[in-house]
>>> print(open('coords10.tsv').read())   # TSV, C-alpha atoms
chain	number	residue	atom	x	y	z
A	132	MET	CA	-31.22	-43.84	-9.17
A	133	ILE	CA	-29.82	-41.07	-11.37
A	134	GLN	CA	-26.11	-41.67	-12.06
A	135	VAL	CA	-23.73	-38.68	-12.30
A	136	SER	CA	-20.15	-37.91	-11.31
A	137	GLN	CA	-19.65	-37.30	-7.60
A	138	ASP	CA	-17.38	-34.36	-8.51
A	139	SER	CA	-20.35	-32.43	-9.94
A	140	ILE	CA	-22.42	-32.45	-6.71
A	141	LYS	CA	-21.36	-31.46	-3.19
A	142	LYS	CA	-23.38	-31.33	0.02
A	143	THR	CA	-22.98	-28.13	2.04
A	144	ASP	CA	-24.12	-26.70	5.37
A	145	GLY	CA	-26.55	-24.34	3.63
A	146	SER	CA	-30.30	-23.93	3.85
A	147	VAL	CA	-33.36	-22.94	1.82
A	148	ALA	CA	-31.96	-19.38	1.74
A	149	SER	CA	-28.53	-20.39	0.40
A	150	PRO	CA	-29.18	-20.19	-3.38
A	151	LEU	CA	-28.51	-16.75	-4.87
A	152	GLY	CA	-31.39	-14.29	-4.68
A	153	TYR	CA	-33.34	-15.81	-1.76
A	154	LEU	CA	-33.94	-14.91	1.84
A	155	ALA	CA	-36.09	-16.57	4.50
A	156	LYS	CA	-37.60	-15.22	7.71
A	157	GLY	CA	-39.68	-16.43	10.62
A	158	VAL	CA	-41.52	-14.64	13.44
A	159	HIS	CA	-43.91	-15.29	16.32
A	160	CYS	CA	-47.34	-13.76	15.71
A	161	GLY	CA	-49.41	-15.51	18.38
A	162	LEU	CA	-50.82	-18.54	16.58
A	163	ARG	CA	-48.61	-20.67	18.85
A	164	TYR	CA	-48.05	-19.95	22.51
A	165	SER	CA	-44.45	-18.80	22.24
A	166	LYS	CA	-42.62	-20.37	19.30
A	167	LYS	CA	-42.25	-18.85	15.85
A	168	ASP	CA	-45.35	-19.55	13.75
A	169	LEU	CA	-45.20	-17.47	10.54
A	170	GLY	CA	-42.50	-17.70	7.91
A	171	ILE	CA	-41.75	-16.45	4.42
A	172	ILE	CA	-39.35	-17.29	1.60
A	173	ILE	CA	-38.67	-14.41	-0.79
A	174	SER	CA	-36.93	-14.45	-4.16
A	175	SER	CA	-35.34	-11.27	-5.50
A	176	ARG	CA	-37.18	-11.85	-8.77
A	177	PRO	CA	-40.00	-14.06	-10.07
A	178	ALA	CA	-38.97	-17.70	-10.10
A	179	VAL	CA	-40.14	-20.50	-12.36
A	180	SER	CA	-42.04	-22.73	-9.96
A	181	ALA	CA	-43.62	-26.17	-9.73
A	182	ALA	CA	-45.56	-28.01	-7.04
A	183	VAL	CA	-47.20	-31.29	-6.11
A	184	TYR	CA	-50.10	-31.43	-3.68
A	185	THR	CA	-51.98	-33.76	-1.36
A	186	GLN	CA	-54.43	-36.12	-3.02
A	187	SER	CA	-56.84	-35.81	-0.08
A	188	HIS	CA	-60.46	-35.11	-1.04
A	189	PHE	CA	-60.36	-32.36	1.61
A	190	GLN	CA	-57.65	-30.14	0.15
A	191	ALA	CA	-57.12	-27.14	2.41
A	192	ALA	CA	-57.83	-23.56	1.33
A	193	PRO	CA	-54.13	-22.59	0.97
A	194	ILE	CA	-53.61	-25.44	-1.51
A	195	LYS	CA	-56.39	-24.07	-3.73
A	196	VAL	CA	-54.98	-20.54	-3.60
A	197	THR	CA	-51.47	-21.72	-4.46
A	198	GLN	CA	-52.79	-23.83	-7.33
A	199	GLU	CA	-54.52	-20.75	-8.71
A	200	SER	CA	-51.32	-18.68	-8.42
A	201	LEU	CA	-49.24	-21.24	-10.30
A	202	LYS	CA	-51.90	-21.79	-12.93
A	203	LYS	CA	-51.67	-18.14	-13.95
A	204	SER	CA	-47.96	-17.98	-14.81
A	205	ALA	CA	-46.01	-20.87	-13.23
A	206	GLN	CA	-43.97	-18.20	-11.45
A	207	LEU	CA	-43.68	-17.25	-7.80
A	208	GLN	CA	-41.67	-14.69	-5.89
A	209	ALA	CA	-42.63	-15.65	-2.33
A	210	VAL	CA	-44.29	-18.30	-0.19
A	211	ILE	CA	-45.97	-17.41	3.10
A	212	VAL	CA	-46.40	-20.24	5.62
A	213	ASN	CA	-48.11	-20.43	9.00
A	214	SER	CA	-48.07	-23.23	11.56
A	215	ALA	CA	-50.52	-24.09	14.39
A	216	ASN	CA	-53.58	-23.87	12.10
A	217	ALA	CA	-54.16	-25.82	8.89
A	218	ASN	CA	-56.98	-23.60	7.57
A	219	ALA	CA	-58.56	-26.85	6.35
A	220	CYS	CA	-62.27	-27.75	6.34
A	221	THR	CA	-63.05	-24.09	7.00
A	222	GLY	CA	-65.40	-23.43	4.05
A	223	GLU	CA	-65.71	-20.09	2.30
A	224	GLN	CA	-64.25	-18.18	5.25
A	225	GLY	CA	-61.10	-20.28	5.09
A	226	LEU	CA	-60.72	-19.56	1.39
A	227	LYS	CA	-61.18	-15.83	1.97
A	228	ASP	CA	-58.57	-15.94	4.72
A	229	ALA	CA	-56.04	-17.70	2.46
A	230	TYR	CA	-56.58	-15.09	-0.26
A	231	GLU	CA	-56.15	-12.37	2.36
A	232	MET	CA	-52.84	-13.90	3.49
A	233	ARG	CA	-51.72	-13.83	-0.12
A	234	ARG	CA	-52.84	-10.22	-0.64
A	235	GLN	CA	-51.24	-8.90	2.53
A	236	SER	CA	-47.95	-10.65	1.73
A	237	ALA	CA	-47.96	-9.30	-1.81
A	238	ASP	CA	-48.67	-5.77	-0.58
A	239	MET	CA	-45.81	-6.05	1.89
A	240	LEU	CA	-43.44	-7.02	-0.92
A	241	GLY	CA	-44.92	-4.71	-3.57
A	242	ILE	CA	-45.64	-7.54	-6.00
A	243	GLU	CA	-48.72	-9.04	-7.67
A	244	PRO	CA	-50.76	-11.41	-5.45
A	245	GLU	CA	-50.44	-14.22	-7.99
A	246	LEU	CA	-46.68	-14.30	-7.31
A	247	VAL	CA	-47.29	-15.47	-3.73
A	248	ALA	CA	-47.92	-19.08	-2.65
A	249	VAL	CA	-49.77	-19.75	0.60
A	250	SER	CA	-49.26	-22.72	2.89
A	251	SER	CA	-50.64	-23.65	6.33
A	252	THR	CA	-50.16	-26.52	8.76
A	253	GLY	CA	-51.61	-27.43	12.13
A	254	VAL	CA	-55.02	-28.21	13.58
A	255	ILE	CA	-57.83	-28.94	11.09
A	256	GLY	CA	-61.22	-27.24	11.37
A	257	GLU	CA	-60.28	-24.03	13.15
A	258	TYR	CA	-60.42	-20.57	11.58
A	259	LEU	CA	-57.25	-18.54	11.23
A	260	LYS	CA	-56.75	-15.63	13.61
A	261	MET	CA	-56.36	-13.09	10.83
A	262	GLU	CA	-55.44	-10.26	13.17
A	263	ASN	CA	-52.41	-12.32	14.22
A	264	ILE	CA	-51.56	-13.10	10.60
A	265	ALA	CA	-51.69	-9.39	9.73
A	266	LYS	CA	-49.47	-8.56	12.72
A	267	GLY	CA	-47.05	-11.30	11.68
A	268	ILE	CA	-46.77	-10.10	8.10
A	269	SER	CA	-45.94	-6.61	9.40
A	270	LEU	CA	-43.30	-8.16	11.66
A	271	LEU	CA	-41.83	-10.07	8.71
A	272	ALA	CA	-41.41	-6.79	6.85
A	273	GLU	CA	-39.37	-5.38	9.73
A	274	THR	CA	-37.40	-8.51	10.66
A	275	GLU	CA	-33.93	-9.34	9.38
A	276	PRO	CA	-33.33	-12.87	8.08
A	277	ALA	CA	-31.74	-15.23	10.60
A	278	GLU	CA	-30.55	-18.80	10.21
A	279	GLY	CA	-33.23	-21.33	11.13
A	280	ASP	CA	-36.07	-18.86	11.78
A	281	PHE	CA	-38.13	-19.93	8.77
A	282	GLU	CA	-37.50	-23.62	9.44
A	283	GLU	CA	-38.67	-23.18	13.05
A	284	ALA	CA	-41.76	-21.19	12.08
A	285	ILE	CA	-43.22	-24.00	9.96
A	286	LEU	CA	-42.99	-26.75	12.61
A	287	THR	CA	-45.89	-28.33	14.51
A	288	THR	CA	-45.10	-31.47	16.55
A	289	ASP	CA	-41.65	-31.70	14.94
A	290	THR	CA	-38.78	-31.91	17.40
A	291	VAL	CA	-36.08	-30.54	15.07
A	292	ILE	CA	-35.84	-28.27	12.05
A	293	LYS	CA	-35.31	-29.96	8.69
A	294	GLN	CA	-33.02	-28.46	6.05
A	295	THR	CA	-30.43	-29.43	3.46
A	296	CYS	CA	-28.37	-27.92	0.64
A	297	TYR	CA	-26.29	-29.05	-2.33
A	298	GLU	CA	-23.99	-27.26	-4.79
A	299	LEU	CA	-23.75	-28.40	-8.41
A	300	ARG	CA	-21.59	-27.56	-11.43
A	301	ILE	CA	-23.77	-26.74	-14.44
A	302	GLY	CA	-21.93	-25.64	-17.58
A	303	GLY	CA	-19.06	-24.44	-15.43
A	304	GLN	CA	-21.40	-22.36	-13.24
A	305	LYS	CA	-22.09	-23.02	-9.57
A	306	VAL	CA	-25.78	-23.81	-8.99
A	307	THR	CA	-27.22	-24.25	-5.50
A	308	ILE	CA	-30.32	-26.16	-4.39
A	309	GLY	CA	-31.58	-25.66	-0.83
A	310	GLY	CA	-34.55	-27.09	1.01
A	311	ALA	CA	-36.63	-26.95	4.17
A	312	ALA	CA	-39.45	-29.19	5.33
A	313	LYS	CA	-41.77	-29.96	8.20
A	314	GLY	CA	-43.47	-33.18	9.13
A	315	SER	CA	-43.62	-35.50	12.10
A	316	GLY	CA	-47.09	-37.06	12.28
A	317	MET	CA	-49.95	-37.72	9.88
A	318	ILE	CA	-47.30	-38.82	7.38
A	319	HIS	CA	-48.19	-41.18	4.57
A	320	PRO	CA	-47.85	-39.04	1.46
A	321	ASN	CA	-49.48	-39.57	-1.73
A	322	MET	CA	-48.53	-36.21	-2.10
A	323	ALA	CA	-49.18	-35.98	5.26
A	324	THR	CA	-48.92	-33.21	7.60
A	325	MET	CA	-45.91	-32.65	5.36
A	326	LEU	CA	-44.59	-29.53	3.67
A	327	GLY	CA	-41.45	-29.24	1.57
A	328	PHE	CA	-39.95	-26.07	0.12
A	329	VAL	CA	-37.04	-26.20	-2.33
A	330	THR	CA	-35.20	-23.23	-3.81
A	331	THR	CA	-32.59	-23.07	-6.52
A	332	ASP	CA	-30.79	-20.31	-8.42
A	333	ALA	CA	-30.75	-22.45	-11.55
A	334	CYS	CA	-32.28	-21.20	-14.78
A	335	ILE	CA	-34.66	-23.94	-15.89
A	336	GLU	CA	-37.59	-24.61	-18.19
A	337	GLU	CA	-40.88	-24.77	-16.29
A	338	SER	CA	-42.27	-27.95	-17.85
A	339	ALA	CA	-38.99	-29.79	-17.21
A	340	LEU	CA	-39.00	-28.66	-13.58
A	341	GLN	CA	-42.58	-29.85	-13.05
A	342	ARG	CA	-41.91	-33.26	-14.58
A	343	ALA	CA	-38.71	-33.68	-12.55
A	344	LEU	CA	-40.49	-32.78	-9.32
A	345	ARG	CA	-43.28	-35.28	-9.95
A	346	GLU	CA	-40.83	-38.09	-10.74
A	347	ILE	CA	-38.58	-37.34	-7.78
A	348	THR	CA	-41.49	-36.96	-5.34
A	349	ASP	CA	-42.53	-40.52	-6.18
A	350	VAL	CA	-39.17	-41.92	-4.99
A	351	SER	CA	-38.60	-39.55	-2.06
A	352	PHE	CA	-41.52	-37.87	-0.26
A	353	ASN	CA	-44.03	-40.46	-1.46
A	354	GLN	CA	-41.82	-43.25	-0.10
A	355	ILE	CA	-42.01	-42.23	3.55
A	356	THR	CA	-44.61	-43.15	6.13
A	357	VAL	CA	-44.99	-42.54	9.87
A	358	ASP	CA	-48.56	-43.50	10.67
A	359	GLY	CA	-50.41	-44.25	7.44
A	360	ASP	CA	-52.47	-41.02	7.36
A	361	THR	CA	-52.40	-38.47	4.55
A	362	SER	CA	-53.15	-34.88	5.50
A	363	THR	CA	-55.21	-32.11	3.90
A	364	ASN	CA	-52.31	-29.68	3.43
A	365	ASP	CA	-49.36	-31.60	1.97
A	366	MET	CA	-47.36	-29.73	-0.61
A	367	VAL	CA	-43.88	-29.76	-2.09
A	368	LEU	CA	-42.93	-26.54	-3.87
A	369	VAL	CA	-39.84	-25.75	-5.96
A	370	MET	CA	-38.74	-22.25	-7.01
A	371	ALA	CA	-36.00	-21.63	-9.60
A	372	ASN	CA	-35.06	-17.94	-10.03
A	373	GLY	CA	-32.20	-18.21	-12.53
A	374	CYS	CA	-29.82	-16.02	-10.51
A	375	ALA	CA	-26.92	-18.46	-11.04
A	376	GLY	CA	-26.74	-17.31	-14.66
A	377	ASN	CA	-26.42	-20.78	-16.15
A	378	GLU	CA	-27.61	-21.69	-19.61
A	379	ARG	CA	-31.30	-22.56	-19.40
A	380	LEU	CA	-31.76	-26.18	-18.39
A	381	HIS	CA	-34.15	-28.58	-20.11
A	382	GLU	CA	-34.43	-32.34	-20.43
A	383	GLU	CA	-32.11	-32.51	-23.46
A	384	HIS	CA	-29.38	-30.38	-21.87
A	385	GLU	CA	-26.14	-32.31	-21.21
A	386	ASP	CA	-26.17	-31.23	-17.55
A	387	TRP	CA	-29.81	-32.10	-16.96
A	388	PRO	CA	-28.90	-35.36	-15.13
A	389	VAL	CA	-26.71	-33.36	-12.73
A	390	PHE	CA	-29.52	-30.96	-11.82
A	391	LYS	CA	-32.05	-33.76	-11.51
A	392	LYS	CA	-29.73	-35.77	-9.25
A	393	GLY	CA	-29.18	-32.69	-7.08
A	394	LEU	CA	-32.93	-32.15	-6.77
A	395	GLN	CA	-33.40	-35.82	-5.89
A	396	LEU	CA	-30.73	-35.63	-3.19
A	397	VAL	CA	-32.39	-32.58	-1.61
A	398	CYS	CA	-35.84	-34.20	-1.65
A	399	THR	CA	-34.54	-37.52	-0.31
A	400	ASP	CA	-32.63	-35.78	2.49
A	401	LEU	CA	-35.75	-33.91	3.57
A	402	ALA	CA	-37.95	-37.01	3.29
A	403	LYS	CA	-35.59	-39.03	5.49
A	404	GLN	CA	-35.41	-36.22	8.06
A	405	ILE	CA	-39.22	-36.26	8.26
A	406	ALA	CA	-39.29	-40.05	8.70
A	407	ARG	CA	-36.57	-39.89	11.36
A	408	ASP	CA	-38.55	-37.25	13.30
A	409	GLY	CA	-41.81	-39.22	13.34
A	410	GLU	CA	-43.87	-38.43	16.42
A	411	GLY	CA	-42.33	-40.29	19.34
A	412	ALA	CA	-39.84	-42.07	17.07
A	413	THR	CA	-36.49	-43.38	18.28
A	414	LYS	CA	-35.26	-44.98	15.05
A	415	LEU	CA	-35.19	-44.40	11.30
A	416	ILE	CA	-36.18	-47.51	9.35
A	417	GLU	CA	-35.05	-47.96	5.75
A	418	VAL	CA	-36.41	-50.79	3.62
A	419	GLU	CA	-34.62	-51.63	0.38
A	420	VAL	CA	-36.26	-54.02	-2.07
A	421	ASN	CA	-34.35	-55.55	-4.98
A	422	GLY	CA	-35.39	-57.93	-7.74
A	423	ALA	CA	-39.06	-57.00	-7.89
A	424	LYS	CA	-41.02	-57.26	-11.13
A	425	SER	CA	-40.71	-53.48	-11.63
A	426	ASN	CA	-39.46	-50.38	-9.80
A	427	LEU	CA	-43.06	-49.52	-8.95
A	428	GLU	CA	-43.69	-52.94	-7.38
A	429	ALA	CA	-40.42	-52.64	-5.42
A	430	GLN	CA	-41.57	-49.25	-4.09
A	431	ILE	CA	-44.96	-50.71	-3.15
A	432	ILE	CA	-43.38	-53.59	-1.22
A	433	ALA	CA	-40.86	-51.33	0.53
A	434	LYS	CA	-43.53	-48.88	1.68
A	435	LYS	CA	-45.84	-51.72	2.74
A	436	ILE	CA	-43.13	-53.08	5.04
A	437	VAL	CA	-42.05	-49.76	6.52
A	438	GLY	CA	-45.70	-48.80	7.05
A	439	SER	CA	-46.61	-51.96	8.95
A	440	ASN	CA	-47.41	-51.24	12.59
A	441	LEU	CA	-46.27	-54.75	13.43
A	442	VAL	CA	-42.87	-54.16	11.81
A	443	LYS	CA	-42.58	-50.72	13.42
A	444	THR	CA	-43.32	-52.04	16.92
A	445	ALA	CA	-40.94	-54.98	16.43
A	446	VAL	CA	-38.13	-52.57	15.56
A	447	TYR	CA	-38.97	-50.44	18.60
A	448	GLY	CA	-38.83	-53.55	20.78
A	449	THR	CA	-35.58	-54.78	19.14
A	450	ASP	CA	-37.33	-58.01	18.15
A	451	ALA	CA	-36.06	-59.62	14.92
A	452	ASN	CA	-39.50	-61.04	14.15
A	453	TRP	CA	-39.13	-61.56	10.40
A	454	GLY	CA	-42.64	-63.04	10.26
A	455	ARG	CA	-44.03	-59.52	10.48
A	456	ILE	CA	-42.02	-58.55	7.39
A	457	VAL	CA	-43.38	-61.61	5.56
A	458	VAL	CA	-46.94	-60.62	6.50
A	459	ALA	CA	-46.41	-57.14	5.03
A	460	ILE	CA	-44.95	-58.50	1.79
A	461	GLY	CA	-47.77	-61.03	1.50
A	462	ASP	CA	-50.37	-58.29	1.82
A	463	SER	CA	-48.95	-56.22	-1.06
A	464	ILE	CA	-50.35	-56.16	-4.59
A	465	ALA	CA	-46.93	-56.93	-6.07
A	466	ALA	CA	-45.89	-60.22	-7.68
A	467	VAL	CA	-44.55	-62.50	-4.92
A	468	THR	CA	-43.22	-66.06	-5.16
A	469	PRO	CA	-42.67	-67.20	-1.54
A	470	GLU	CA	-39.86	-69.61	-2.41
A	471	LYS	CA	-37.87	-66.76	-4.01
A	472	VAL	CA	-38.10	-64.19	-1.22
A	473	GLU	CA	-35.07	-63.48	0.97
A	474	ILE	CA	-35.04	-61.15	4.00
A	475	ARG	CA	-31.85	-59.73	5.53
A	476	LEU	CA	-31.26	-57.63	8.63
A	477	GLY	CA	-27.89	-56.24	9.70
A	478	GLY	CA	-26.08	-58.52	7.27
A	479	GLN	CA	-27.84	-61.67	8.50
A	480	CYS	CA	-30.24	-63.74	6.39
A	481	LEU	CA	-33.39	-64.38	8.42
A	482	PHE	CA	-35.68	-65.97	5.83
A	483	LYS	CA	-35.08	-67.75	2.49
A	484	ASN	CA	-36.66	-70.51	0.37
A	485	ASN	CA	-39.94	-69.98	2.27
A	486	GLU	CA	-38.41	-71.21	5.52
A	487	PRO	CA	-36.52	-69.75	8.51
A	488	GLN	CA	-32.74	-69.48	8.36
A	489	PRO	CA	-30.34	-69.88	11.28
A	490	PHE	CA	-29.20	-66.49	12.62
A	491	SER	CA	-27.92	-64.95	15.81
A	492	GLU	CA	-30.79	-63.45	17.82
A	493	GLU	CA	-28.22	-61.63	19.95
A	494	LEU	CA	-26.56	-59.96	16.95
A	495	ALA	CA	-29.95	-59.07	15.47
A	496	LYS	CA	-31.10	-57.51	18.75
A	497	THR	CA	-27.88	-55.50	19.00
A	498	TYR	CA	-28.33	-54.29	15.43
A	499	LEU	CA	-31.93	-53.22	16.14
A	500	GLU	CA	-30.70	-51.04	19.01
A	501	ASN	CA	-29.10	-48.68	16.44
A	502	SER	CA	-30.75	-45.35	15.63
A	503	GLU	CA	-30.88	-46.40	11.96
A	504	VAL	CA	-32.13	-49.82	10.89
A	505	LYS	CA	-32.06	-51.21	7.36
A	506	ILE	CA	-34.19	-54.14	6.17
A	507	GLU	CA	-33.20	-55.74	2.85
A	508	VAL	CA	-35.60	-57.80	0.75
A	509	TYR	CA	-34.72	-59.76	-2.41
A	510	MET	CA	-37.63	-60.88	-4.59
A	511	GLN	CA	-36.05	-62.60	-7.66
A	512	GLU	CA	-38.98	-61.55	-9.86
A	513	GLY	CA	-37.18	-59.04	-12.11
A	514	GLU	CA	-34.90	-55.99	-12.03
A	515	GLY	CA	-37.10	-53.62	-10.00
A	516	LYS	CA	-35.56	-51.63	-7.13
A	517	GLY	CA	-37.23	-49.44	-4.53
A	518	THR	CA	-36.59	-47.87	-1.14
A	519	ALA	CA	-38.90	-46.51	1.56
A	520	TRP	CA	-38.32	-44.81	4.90
A	521	GLY	CA	-40.25	-44.73	8.15
A	522	CYS	CA	-39.80	-44.95	11.90
A	523	ASP	CA	-40.59	-47.14	14.85
A	524	LEU	CA	-43.92	-46.91	16.67
A	525	THR	CA	-43.61	-46.00	20.33
A	526	TYR	CA	-45.72	-45.28	23.41
A	527	GLU	CA	-44.84	-41.61	22.92
A	528	TYR	CA	-46.69	-41.52	19.57
A	529	VAL	CA	-49.96	-42.37	21.34
A	530	LYS	CA	-49.27	-39.79	24.05
A	531	ILE	CA	-48.63	-37.01	21.52
A	532	ASN	CA	-51.70	-37.71	19.41
A	533	ALA	CA	-54.05	-38.36	22.32
A	534	SER	CA	-53.66	-34.69	23.30
A	535	TYR	CA	-52.86	-33.01	19.95
A	536	ARG	CA	-55.42	-30.19	20.30
A	537	THR	CA	-54.47	-29.44	23.90
>>> encode(input="coords10.tsv", output="structure tokens")
Amino acid sequence: MIQVSQDSIKKTDGSVASPLGYLAKGVHCGLRYSKKDLGIIISSRPAVSAAVYTQSHFQAAPIKVTQESLKKSAQLQAVIVNSANANACTGEQGLKDAYEMRRQSADMLGIEPELVAVSSTGVIGEYLKMENIAKGISLLAETEPAEGDFEEAILTTDTVIKQTCYELRIGGQKVTIGGAAKGSGMIHPNMATMLGFVTTDACIEESALQRALREITDVSFNQITVDGDTSTNDMVLVMANGCAGNERLHEEHEDWPVFKKGLQLVCTDLAKQIARDGEGATKLIEVEVNGAKSNLEAQIIAKKIVGSNLVKTAVYGTDANWGRIVVAIGDSIAAVTPEKVEIRLGGQCLFKNNEPQPFSEELAKTYLENSEVKIEVYMQEGEGKGTAWGCDLTYEYVKINASYRT
């Protein structure tokens, strides 16, 4: 965890449009039955940008178009996003449609197409209704920004919008970082259907921003899981337009740790909101692993536990069945000495020295009835620490996914 003074970072009630020089909009164009389904983030000037993408072999057409845009100049001025349709596994027509979304958005804004990122989420294997997209882009041009419209427009099976914002002090200047995300099912990022958009008015070096995003993604978005499936469209995108007027940030700058901690807080907030809103979920599960051989091994163990269907169903059923946690740890590739492992839940030690420990089943059951549940694991193999987030597995998850296309 990046250590900085608490006085230099403050959480606010802002959104992805809060940093200077940004606005965000969302409209209904007919891809969904009635809810908003097309959104855009616009910067007043080109912004240094960085992104990480899904590692799926079936990367969707919008991912390829956005990669091409960023490859040209590492700058963006807008990102156009549609829900309801992933434009994935749609061949050459899908690629043409993604380019057309980019072109129409650029024309609307009077900028070069390469300054526009494209993102889609929804059902795989269906072609975009381009007449609706065109209508929506025209509506976006005429629509005034309104709080929450963009965040609503990017949702699929999500039940709530996901946003966060932090203010930082960089060289005496106020710098703001805002974020929005969507994700509820098909969540198991290695960079799931998961999208994250982060904006900042900081002035920052592109290579430093890209490296920071990759590092922070590994301990935030890549440490959540809902159902173990990685999607075709996952992307996390950061735009930094420099409107705050701070001295240009880089990795040797004295305030670099402050910016990096702010970015990590935004990404972690969004990741946890996605995990909490897992399809059918009733509880957020956090697993914290200490004393692993390395940070990476701690992260592996934590995500293995939170991703276990047996653990997830036990939490849903308020059953303190620590054996399911042991099974998950034992199935990881990390270094494990059974006699050294300790498992705690709600302050009670359930397992230690490779044998059960006396604990109150009643207290454990009461603790598991909370909306947030934390499982602590101590490995005694080294100094590695790692955290992962997920949710319980409920009957509602099956119901939602059994009729996803209908």
>>> residues_around(input="coords10.tsv", residues="Ile474 (chain A)", least_positions_apart="3", cutoff="6 Å", atoms="all atoms listed in the file", output="list in words")
Cys480, Leu481, Phe482, Glu507 and Val508 of chain A
>>> closest_residue(input="coords10.tsv", among="A:Gly302, A:His159, A:Ser214, A:Ala205", to="Lys266 (chain A)", atoms="only C-alpha atoms")
A:His159
>>> axis_aligned_box(input="coords10.tsv", around="region 439-453 of chain A", padding_each_side="5 Å", output="AutoDock Vina command-line options")
--center_x -41.5 --center_y -56.0 --center_z 14.9 --size_x 21.8 --size_y 21.1 --size_z 21.8
>>> residues_around(input="coords10.tsv", residues="Val158 (chain A)", least_positions_apart="3", cutoff="12 Å", atoms="all atoms listed in the file", output="ChimeraX atom specification")
/A:155,161-163,165-171,211-214,263-264,266-277,279-285
>>> closest_residue(input="coords10.tsv", among="A:Val442, A:Ala459, A:Ala191, A:Ile436", to="Gly517 (chain A)", atoms="all atoms listed in the file")
A:Ile436
>>> closest_residue(input="coords10.tsv", among="A:Cys160, A:Leu340, A:Ala219, A:Ile456", to="Trp387 (chain A)", atoms="all atoms listed in the file")
A:Leu340
>>> residues_around(input="coords10.tsv", residues="Val458 (chain A)", least_positions_apart="5", cutoff="10 Å", atoms="all atoms listed in the file", output="PyMOL selection string")
chain A and resi 435-436+439+441-442+453+463
>>> write_last_selection(input="coords10.tsv", atoms="C-alpha atoms", output="tab-separated table (two decimals), in the coordinates of the input")
chain	number	residue	atom	x	y	z
A	435	LYS	CA	-45.84	-51.72	2.74
A	436	ILE	CA	-43.13	-53.08	5.04
A	439	SER	CA	-46.61	-51.96	8.95
A	441	LEU	CA	-46.27	-54.75	13.43
A	442	VAL	CA	-42.87	-54.16	11.81
A	453	TRP	CA	-39.13	-61.56	10.40
A	463	SER	CA	-48.95	-56.22	-1.06
>>> atom_distance(input="coords10.tsv", atom1="CA of Lys391 (chain A)", atom2="CA of Met325 (chain A)")
21.9 Å
>>> atom_distance(input="coords10.tsv", atom1="CA of Glu243 (chain A)", atom2="CA of Gln206 (chain A)")
11.0 Å
>>> closest_residue(input="coords10.tsv", among="A:Asp400, A:Asp462, A:Asp386, A:Glu231", to="Val350 (chain A)", atoms="only C-alpha atoms")
A:Asp400
>>> atom_distance(input="coords10.tsv", atom1="CA of Lys471 (chain A)", atom2="CA of Val504 (chain A)")
23.3 Å
>>> residues_around(input="coords10.tsv", residues="Gln208 (chain A)", least_positions_apart="6", cutoff="6 Å", atoms="all atoms listed in the file", output="PyMOL selection string")
chain A and resi 173-174+177-178+246
>>> residues_around(input="coords10.tsv", residues="region 421-433 of chain A", least_positions_apart="6", cutoff="7 Å", atoms="all atoms listed in the file", output="list in words")
Ile460, Ser463, Ala465, Ala466, Val508, Tyr509, Met510, Gln511, Glu512, Gly513, Glu514, Gly515, Lys516, Gly517, Thr518 and Ala519 of chain A
>>> closest_atom_pairs(input="coords10.tsv", of="region 235-326 of chain A", to="region 370-379 of chain A", cutoff="7 Å", atoms="only C-alpha atoms", output="JSON lines")
{"residue": "A:Ile301", "atom": "CA", "partner": "A:Asn377", "partner_atom": "CA", "distance": 6.7}
{"residue": "A:Gly302", "atom": "CA", "partner": "A:Asn377", "partner_atom": "CA", "distance": 6.8}
{"residue": "A:Gln304", "atom": "CA", "partner": "A:Asn377", "partner_atom": "CA", "distance": 6.0}
{"residue": "A:Lys305", "atom": "CA", "partner": "A:Ala375", "partner_atom": "CA", "distance": 6.8}
{"residue": "A:Val306", "atom": "CA", "partner": "A:Ala375", "partner_atom": "CA", "distance": 5.8}
>>> residues_near_point(input="coords10.tsv", point="(-32.5, -55.3, 4.3)", cutoff="8 Å", atoms="all atoms listed in the file", output="PyMOL selection string")
chain A and resi 417-420+474-478+505-508
>>> write_last_selection(input="coords10.tsv", atoms="C-alpha atoms", output="CSV table (one decimal), in the frame of the given file")
chain,number,residue,atom,x,y,z
A,417,GLU,CA,-35.0,-48.0,5.8
A,418,VAL,CA,-36.4,-50.8,3.6
A,419,GLU,CA,-34.6,-51.6,0.4
A,420,VAL,CA,-36.3,-54.0,-2.1
A,474,ILE,CA,-35.0,-61.2,4.0
A,475,ARG,CA,-31.8,-59.7,5.5
A,476,LEU,CA,-31.3,-57.6,8.6
A,477,GLY,CA,-27.9,-56.2,9.7
A,478,GLY,CA,-26.1,-58.5,7.3
A,505,LYS,CA,-32.1,-51.2,7.4
A,506,ILE,CA,-34.2,-54.1,6.2
A,507,GLU,CA,-33.2,-55.7,2.8
A,508,VAL,CA,-35.6,-57.8,0.8
>>> closest_residue(input="coords10.tsv", among="A:Lys260, A:Lys483, A:Arg345, A:His381", to="Gln395 (chain A)", atoms="only C-alpha atoms")
A:Arg345
>>> closest_residue(input="coords10.tsv", among="A:Gly152, A:Thr363, A:Leu394, A:Gly314", to="Thr221 (chain A)", atoms="only C-alpha atoms")
A:Thr363
